[in-house]
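Dumped my_file.tsv below, it's TSV, C-alpha atoms:
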chain	number	residue	atom	x	y	z
A	57	MET	CA	123.84	63.44	125.03
A	58	SER	CA	121.38	66.26	124.26
A	59	PRO	CA	121.22	67.56	120.69
A	60	GLN	CA	123.14	70.77	120.05
A	61	ARG	CA	120.82	73.77	120.19
A	62	PRO	CA	120.63	75.56	116.81
A	63	LYS	CA	120.80	79.34	116.68
A	64	GLY	CA	117.33	80.89	116.50
A	65	LEU	CA	115.78	78.12	118.59
A	66	THR	CA	114.56	78.93	122.11
A	67	ILE	CA	113.98	75.92	124.37
A	68	ILE	CA	111.73	77.01	127.23
A	69	ASN	CA	113.10	74.77	129.95
A	70	HIS	CA	110.79	75.61	132.87
A	71	PRO	CA	110.36	72.97	135.63
A	72	LEU	CA	106.55	73.05	135.36
A	73	ILE	CA	106.75	72.61	131.59
A	74	ARG	CA	109.15	69.66	131.95
A	75	HIS	CA	106.86	68.02	134.52
A	76	LYS	CA	103.69	68.46	132.46
A	77	LEU	CA	105.42	67.38	129.25
A	78	THR	CA	106.57	64.16	130.93
A	79	LEU	CA	102.95	63.42	131.86
A	80	MET	CA	101.87	64.14	128.28
A	81	ARG	CA	104.48	61.79	126.84
A	82	SER	CA	103.08	58.85	128.80
A	83	SER	CA	100.82	56.58	126.74
A	84	ASP	CA	98.73	56.08	129.90
A	85	THR	CA	97.55	59.72	129.85
A	86	SER	CA	93.90	60.01	128.84
A	87	SER	CA	92.63	62.43	126.17
A	88	ALA	CA	91.01	64.57	128.87
A	89	GLN	CA	94.26	64.78	130.83
A	90	PHE	CA	96.25	65.37	127.64
A	91	ARG	CA	94.05	68.33	126.65
A	92	ARG	CA	94.28	69.87	130.10
A	93	LEU	CA	98.06	69.50	130.25
A	94	LEU	CA	98.53	70.97	126.76
A	95	HIS	CA	96.38	73.95	127.73
A	96	GLU	CA	98.43	74.51	130.88
A	97	ILE	CA	101.75	74.22	129.02
A	98	SER	CA	100.56	76.56	126.27
A	99	LEU	CA	100.05	79.32	128.84
A	100	LEU	CA	103.60	78.91	130.11
A	101	LEU	CA	105.08	78.78	126.60
A	102	ALA	CA	103.11	81.81	125.46
A	103	TYR	CA	104.31	83.82	128.45
A	104	GLU	CA	107.93	83.32	127.38
A	105	MET	CA	107.31	83.80	123.66
A	106	THR	CA	105.58	87.15	124.14
A	107	ARG	CA	107.95	88.72	126.66
A	108	ASP	CA	109.46	91.16	124.09
A	109	LEU	CA	106.28	92.36	122.37
A	110	PRO	CA	106.40	96.12	121.68
A	111	LEU	CA	104.85	98.49	124.24
A	112	GLU	CA	103.70	102.09	124.18
A	113	ASP	CA	102.96	104.70	126.84
A	114	VAL	CA	99.34	105.36	127.76
A	115	GLU	CA	97.75	107.87	130.12
A	116	ILE	CA	95.36	106.29	132.66
A	117	GLU	CA	93.45	107.19	135.80
A	118	THR	CA	93.93	104.86	138.76
A	119	PRO	CA	91.60	105.08	141.78
A	120	VAL	CA	94.30	107.25	143.37
A	121	THR	CA	95.89	109.46	140.67
A	122	SER	CA	96.76	109.99	137.02
A	123	THR	CA	99.77	108.11	135.69
A	124	THR	CA	101.55	106.92	132.57
A	125	ASP	CA	102.05	103.21	132.09
A	126	LYS	CA	102.62	100.65	129.33
A	127	GLN	CA	100.30	98.69	127.05
A	128	LEU	CA	100.79	96.64	123.89
A	129	SER	CA	101.33	98.85	120.87
A	130	GLY	CA	99.96	98.52	117.35
A	131	LYS	CA	97.31	96.13	116.10
A	132	LYS	CA	96.31	93.11	118.17
A	133	PRO	CA	98.51	90.01	117.64
A	134	CYS	CA	97.31	87.16	115.46
A	135	ILE	CA	97.49	83.53	116.60
A	136	ILE	CA	97.60	81.15	113.63
A	137	SER	CA	96.78	77.50	114.24
A	138	ILE	CA	98.02	74.76	111.92
A	139	MET	CA	94.96	72.54	112.08
A	140	ARG	CA	94.00	70.38	113.69
A	141	ALA	CA	96.58	69.79	116.41
A	142	GLY	CA	97.46	73.48	116.55
A	143	ASP	CA	94.08	74.18	118.11
A	144	GLY	CA	95.38	72.49	121.26
A	145	LEU	CA	97.86	75.35	121.72
A	146	LEU	CA	95.51	78.04	120.41
A	147	GLN	CA	93.17	78.25	123.40
A	148	GLY	CA	95.95	78.77	125.91
A	149	LEU	CA	97.35	81.67	123.92
A	150	LEU	CA	93.87	83.17	123.62
A	151	ASP	CA	93.44	82.94	127.38
A	152	LEU	CA	96.65	84.95	127.76
A	153	VAL	CA	95.89	87.42	124.92
A	154	PRO	CA	92.06	87.35	124.64
A	155	SER	CA	91.96	90.30	122.22
A	156	ALA	CA	94.16	88.51	119.66
A	157	ARG	CA	92.87	87.74	116.19
A	158	VAL	CA	92.89	84.12	114.99
A	159	GLY	CA	93.88	82.54	111.70
A	160	HIS	CA	93.74	78.90	110.58
A	161	VAL	CA	95.85	76.92	108.14
A	162	GLY	CA	94.47	73.50	107.29
A	163	LEU	CA	97.23	71.04	106.38
A	164	TYR	CA	97.53	67.29	106.60
A	165	ARG	CA	100.61	65.18	106.04
A	166	ASP	CA	100.62	62.69	103.18
A	167	HIS	CA	101.83	59.52	104.90
A	168	GLU	CA	103.59	58.30	101.75
A	169	THR	CA	105.54	61.45	100.86
A	170	LEU	CA	105.49	63.14	104.31
A	171	GLN	CA	104.66	66.36	102.43
A	172	PRO	CA	101.87	68.75	103.54
A	173	VAL	CA	98.59	69.00	101.64
A	174	GLN	CA	96.56	72.20	102.07
A	175	TYR	CA	92.78	72.06	102.55
A	176	TYR	CA	91.94	75.33	104.36
A	177	PHE	CA	93.29	78.87	104.80
A	178	LYS	CA	91.58	81.78	106.59
A	179	MET	CA	93.31	84.86	108.00
A	180	PRO	CA	92.24	88.18	109.55
A	181	GLN	CA	93.09	91.42	107.77
A	182	GLY	CA	96.20	93.49	108.44
A	183	LEU	CA	98.72	90.69	109.01
A	184	ASP	CA	101.49	93.05	107.94
A	185	GLN	CA	100.76	95.19	111.03
A	186	ARG	CA	100.45	92.35	113.56
A	187	SER	CA	102.78	90.06	115.47
A	188	CYS	CA	101.85	86.60	114.20
A	189	PHE	CA	102.27	83.45	116.28
A	190	VAL	CA	102.08	80.27	114.19
A	191	VAL	CA	101.38	77.30	116.47
A	192	ASP	CA	101.59	73.53	116.01
A	193	PRO	CA	102.47	71.14	118.87
A	194	MET	CA	104.94	69.05	116.87
A	195	LEU	CA	107.80	70.17	114.63
A	196	ALA	CA	108.73	66.85	113.06
A	197	THR	CA	109.88	66.95	109.42
A	198	GLY	CA	109.24	70.70	109.37
A	199	ASN	CA	107.47	70.50	106.01
A	200	SER	CA	104.02	71.51	107.30
A	201	ALA	CA	105.38	74.38	109.40
A	202	ALA	CA	107.46	75.71	106.49
A	203	ALA	CA	104.48	75.47	104.11
A	204	ALA	CA	102.14	77.18	106.60
A	205	ILE	CA	104.55	80.04	107.19
A	206	SER	CA	105.00	80.50	103.44
A	207	LEU	CA	101.20	80.90	103.14
A	208	VAL	CA	101.12	83.33	106.07
A	209	LYS	CA	103.92	85.40	104.54
A	210	ALA	CA	102.09	85.45	101.21
A	211	ALA	CA	99.07	86.87	103.10
A	212	GLY	CA	101.24	89.79	104.23
A	213	ALA	CA	102.72	88.78	107.60
A	214	LYS	CA	106.18	90.12	108.39
A	215	ASP	CA	106.65	89.58	112.13
A	216	ILE	CA	106.25	85.82	112.63
A	217	ARG	CA	107.16	83.48	115.49
A	218	PHE	CA	106.66	79.72	115.51
A	219	LEU	CA	105.63	77.91	118.69
A	220	CYS	CA	105.63	74.14	119.19
A	221	LEU	CA	105.63	71.76	122.11
A	222	VAL	CA	108.19	69.21	120.88
A	223	SER	CA	110.67	69.53	118.01
A	224	ALA	CA	113.07	67.29	116.14
A	225	PRO	CA	116.46	68.47	114.83
A	226	GLN	CA	115.36	67.65	111.27
A	227	GLY	CA	112.28	69.84	111.59
A	228	VAL	CA	114.22	72.73	113.07
A	229	GLU	CA	116.74	72.50	110.21
A	230	THR	CA	114.01	72.40	107.56
A	231	LEU	CA	112.09	75.34	109.01
A	232	GLN	CA	115.18	77.47	109.52
A	233	ALA	CA	116.38	76.76	105.98
A	234	ALA	CA	113.02	77.83	104.55
A	235	HIS	CA	112.42	80.76	106.94
A	236	PRO	CA	115.63	81.87	108.69
A	237	ASP	CA	113.86	85.04	109.85
A	238	VAL	CA	111.30	83.14	111.95
A	239	PRO	CA	112.35	82.34	115.54
A	240	ILE	CA	111.29	78.96	116.93
A	241	PHE	CA	110.08	78.45	120.50
A	242	THR	CA	109.72	74.92	121.89
A	243	ALA	CA	109.54	73.03	125.15
A	244	ALA	CA	111.83	70.20	124.00
A	245	LEU	CA	114.31	69.27	121.28
A	246	ASP	CA	114.01	65.48	120.96
A	247	GLU	CA	116.39	62.90	119.46
A	248	GLY	CA	115.04	62.71	115.91
A	249	LEU	CA	112.49	61.00	113.66
A	250	ASN	CA	111.57	57.37	113.09
A	251	GLU	CA	110.94	55.79	109.68
A	252	ASN	CA	107.36	57.09	109.69
A	253	GLY	CA	108.36	60.69	110.34
A	254	TYR	CA	107.26	60.71	113.98
A	255	ILE	CA	109.37	62.41	116.65
A	256	VAL	CA	111.32	60.08	118.98
A	257	PRO	CA	110.66	59.84	121.89
A	258	GLY	CA	107.94	62.38	121.11
A	259	LEU	CA	104.40	61.91	122.33
A	260	GLY	CA	102.65	60.30	119.37
A	261	ASP	CA	100.03	61.86	117.12
A	262	VAL	CA	98.89	64.94	119.04
A	263	GLY	CA	95.66	65.30	117.06
A	264	ASP	CA	94.63	61.74	117.83
A	265	ARG	CA	95.54	62.09	121.49
A	266	LEU	CA	93.74	65.42	121.83
A	267	PHE	CA	90.51	64.31	120.22
A	268	GLY	CA	90.45	60.59	120.97
A	269	THR	CA	90.72	59.54	117.32
A	270	LYS	CA	92.94	56.88	115.84
Using the file provided, produce a representation of the structure as structure tokens.
Amino acid sequence: MSPQRPKGLTIINHPLIRHKLTLMRSSDTSSAQFRRLLHEISLLLAYEMTRDLPLEDVEIETPVTSTTDKQLSGKKPCIISIMRAGDGLLQGLLDLVPSARVGHVGLYRDHETLQPVQYYFKMPQGLDQRSCFVVDPMLATGNSAAAAISLVKAAGAKDIRFLCLVSAPQGVETLQAAHPDVPIFTAALDEGLNENGYIVPGLGDVGDRLFGTK
């Protein structure tokens, strides 16, 4: 039986996403294939996550006439990658919104405590005036995502969305408890976590699979 979907969680259940995610889950998928599939899925996920961004009217000249149409309003969005696996989602979002600004949060998980340890933080200016998309392929324990979003809020961000590829119920619960104002977008809500804090069935360590490390 599928896990109950928590409020504030959007599962983007598109057939192409399901197909590509199944290929990514397979341990037979090479790093090159894994990177390509993640890039393709990130475009589809980003399309859904950004469908309600604010618009404003703008006067333009077409080759035929003058007209009024819509464009994104306010400052350019900011895509914030939780390094290093978040960079796998980052490029797809940049392809969709090439004018976006980019921020990085460097966190690694202590394998004994499963708590995040910060090693890097760099953001563009004006986060308080931008839609901010925090991205990390896996929402497992939720500790790293919650810590990253706390740092981003401290830097001034107010409009924040979190995007991941695969999530676990425990991670969703942790993130929503820490940041109930931040909507979560994911391609899959899996069964849970194993004793090492990895998502089951999941797709393993995304950083290692992306970059061919072990």
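Going from CA of Asn252 in chain A over to CA of Glu168 in chain A, you cover 8.9 Å.
Take the candidates A:Cys134, A:Met179, A:Val114, A:Leu170 and check each one against Pro154 in chain A using only C-alpha atoms; the shortest distance goes to A:Cys134.
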Exercise for review: Please provide the set of residues having any atom within 8 Å of range 188-196 of chain A, restricted to only C-alpha atoms, with same-chain residues fewer than 5 positions apart removed, written as number ranges by chain.
Suggested key: A: 133-139, 141-146, 183, 201, 205, 213, 215-224, 226-228, 249, 253-255, 262
Check your understanding: Could you pull the residues within 7 Å of range 257-260 of chain A, counting only C-alpha atoms, minus those fewer than 3 positions along the same chain, as a PyMOL selection string?
Key -> chain A and resi 80-81+222+246-247
Give, as JSON, the centre coordinates and the x, y and z edge lengths in Å to one decimal for an axis-aligned box around all listed atoms of range 198-213 of chain A, padded by 4 Å on each side.
{"center_x": 104.2, "center_y": 80.1, "center_z": 105.3, "size_x": 18.2, "size_y": 27.3, "size_z": 16.2}
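Atom pair CA of Ser98 in chain A / CA of Leu72 in chain A has a distance of 11.4 Å (rounded to one decimal).
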Spatial neighbours of Leu109 in chain A, 12 Å, all atoms listed in the file, chain gap at least 2 places, as a CSV table (one decimal) with C-alpha atoms, keeping the file's coordinate frame:
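Done, and the output landed in selection.csv:
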chain,number,residue,atom,x,y,z
A,102,ALA,CA,103.1,81.8,125.5
A,103,TYR,CA,104.3,83.8,128.4
A,104,GLU,CA,107.9,83.3,127.4
A,105,MET,CA,107.3,83.8,123.7
A,106,THR,CA,105.6,87.2,124.1
A,107,ARG,CA,108.0,88.7,126.7
A,111,LEU,CA,104.8,98.5,124.2
A,112,GLU,CA,103.7,102.1,124.2
A,126,LYS,CA,102.6,100.6,129.3
A,127,GLN,CA,100.3,98.7,127.0
A,128,LEU,CA,100.8,96.6,123.9
A,129,SER,CA,101.3,98.8,120.9
A,130,GLY,CA,100.0,98.5,117.4
A,131,LYS,CA,97.3,96.1,116.1
A,132,LYS,CA,96.3,93.1,118.2
A,133,PRO,CA,98.5,90.0,117.6
A,153,VAL,CA,95.9,87.4,124.9
A,186,ARG,CA,100.4,92.4,113.6
A,187,SER,CA,102.8,90.1,115.5
A,188,CYS,CA,101.8,86.6,114.2
A,189,PHE,CA,102.3,83.4,116.3
A,215,ASP,CA,106.6,89.6,112.1
A,216,ILE,CA,106.2,85.8,112.6
A,217,ARG,CA,107.2,83.5,115.5
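Residues within 6 Å of range 87-96 of chain A, counting all atoms listed in the file and excluding same-chain residues fewer than 2 positions away, are Met80, Ser98, Leu99, Gly148, Arg265, Leu266 and Gly268 of chain A.
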Check your understanding: What does the distance from CA of Pro239 in chain A to CA of Gly64 in chain A come to in Å, to one decimal?
Key -> 5.3 Å
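Restricting the calculation to only C-alpha atoms, the smallest distance between Gly212 in chain A and any of A:Asp184, A:Arg140, A:Glu229, A:Leu79 is found for A:Asp184.
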Practice item. Mind checking which residues fall within 8 Å of Gln174 in chain A, counting all atoms listed in the file, ignoring those fewer than 4 positions away in the same chain, and posting them as number ranges by chain? Key: A: 161-164
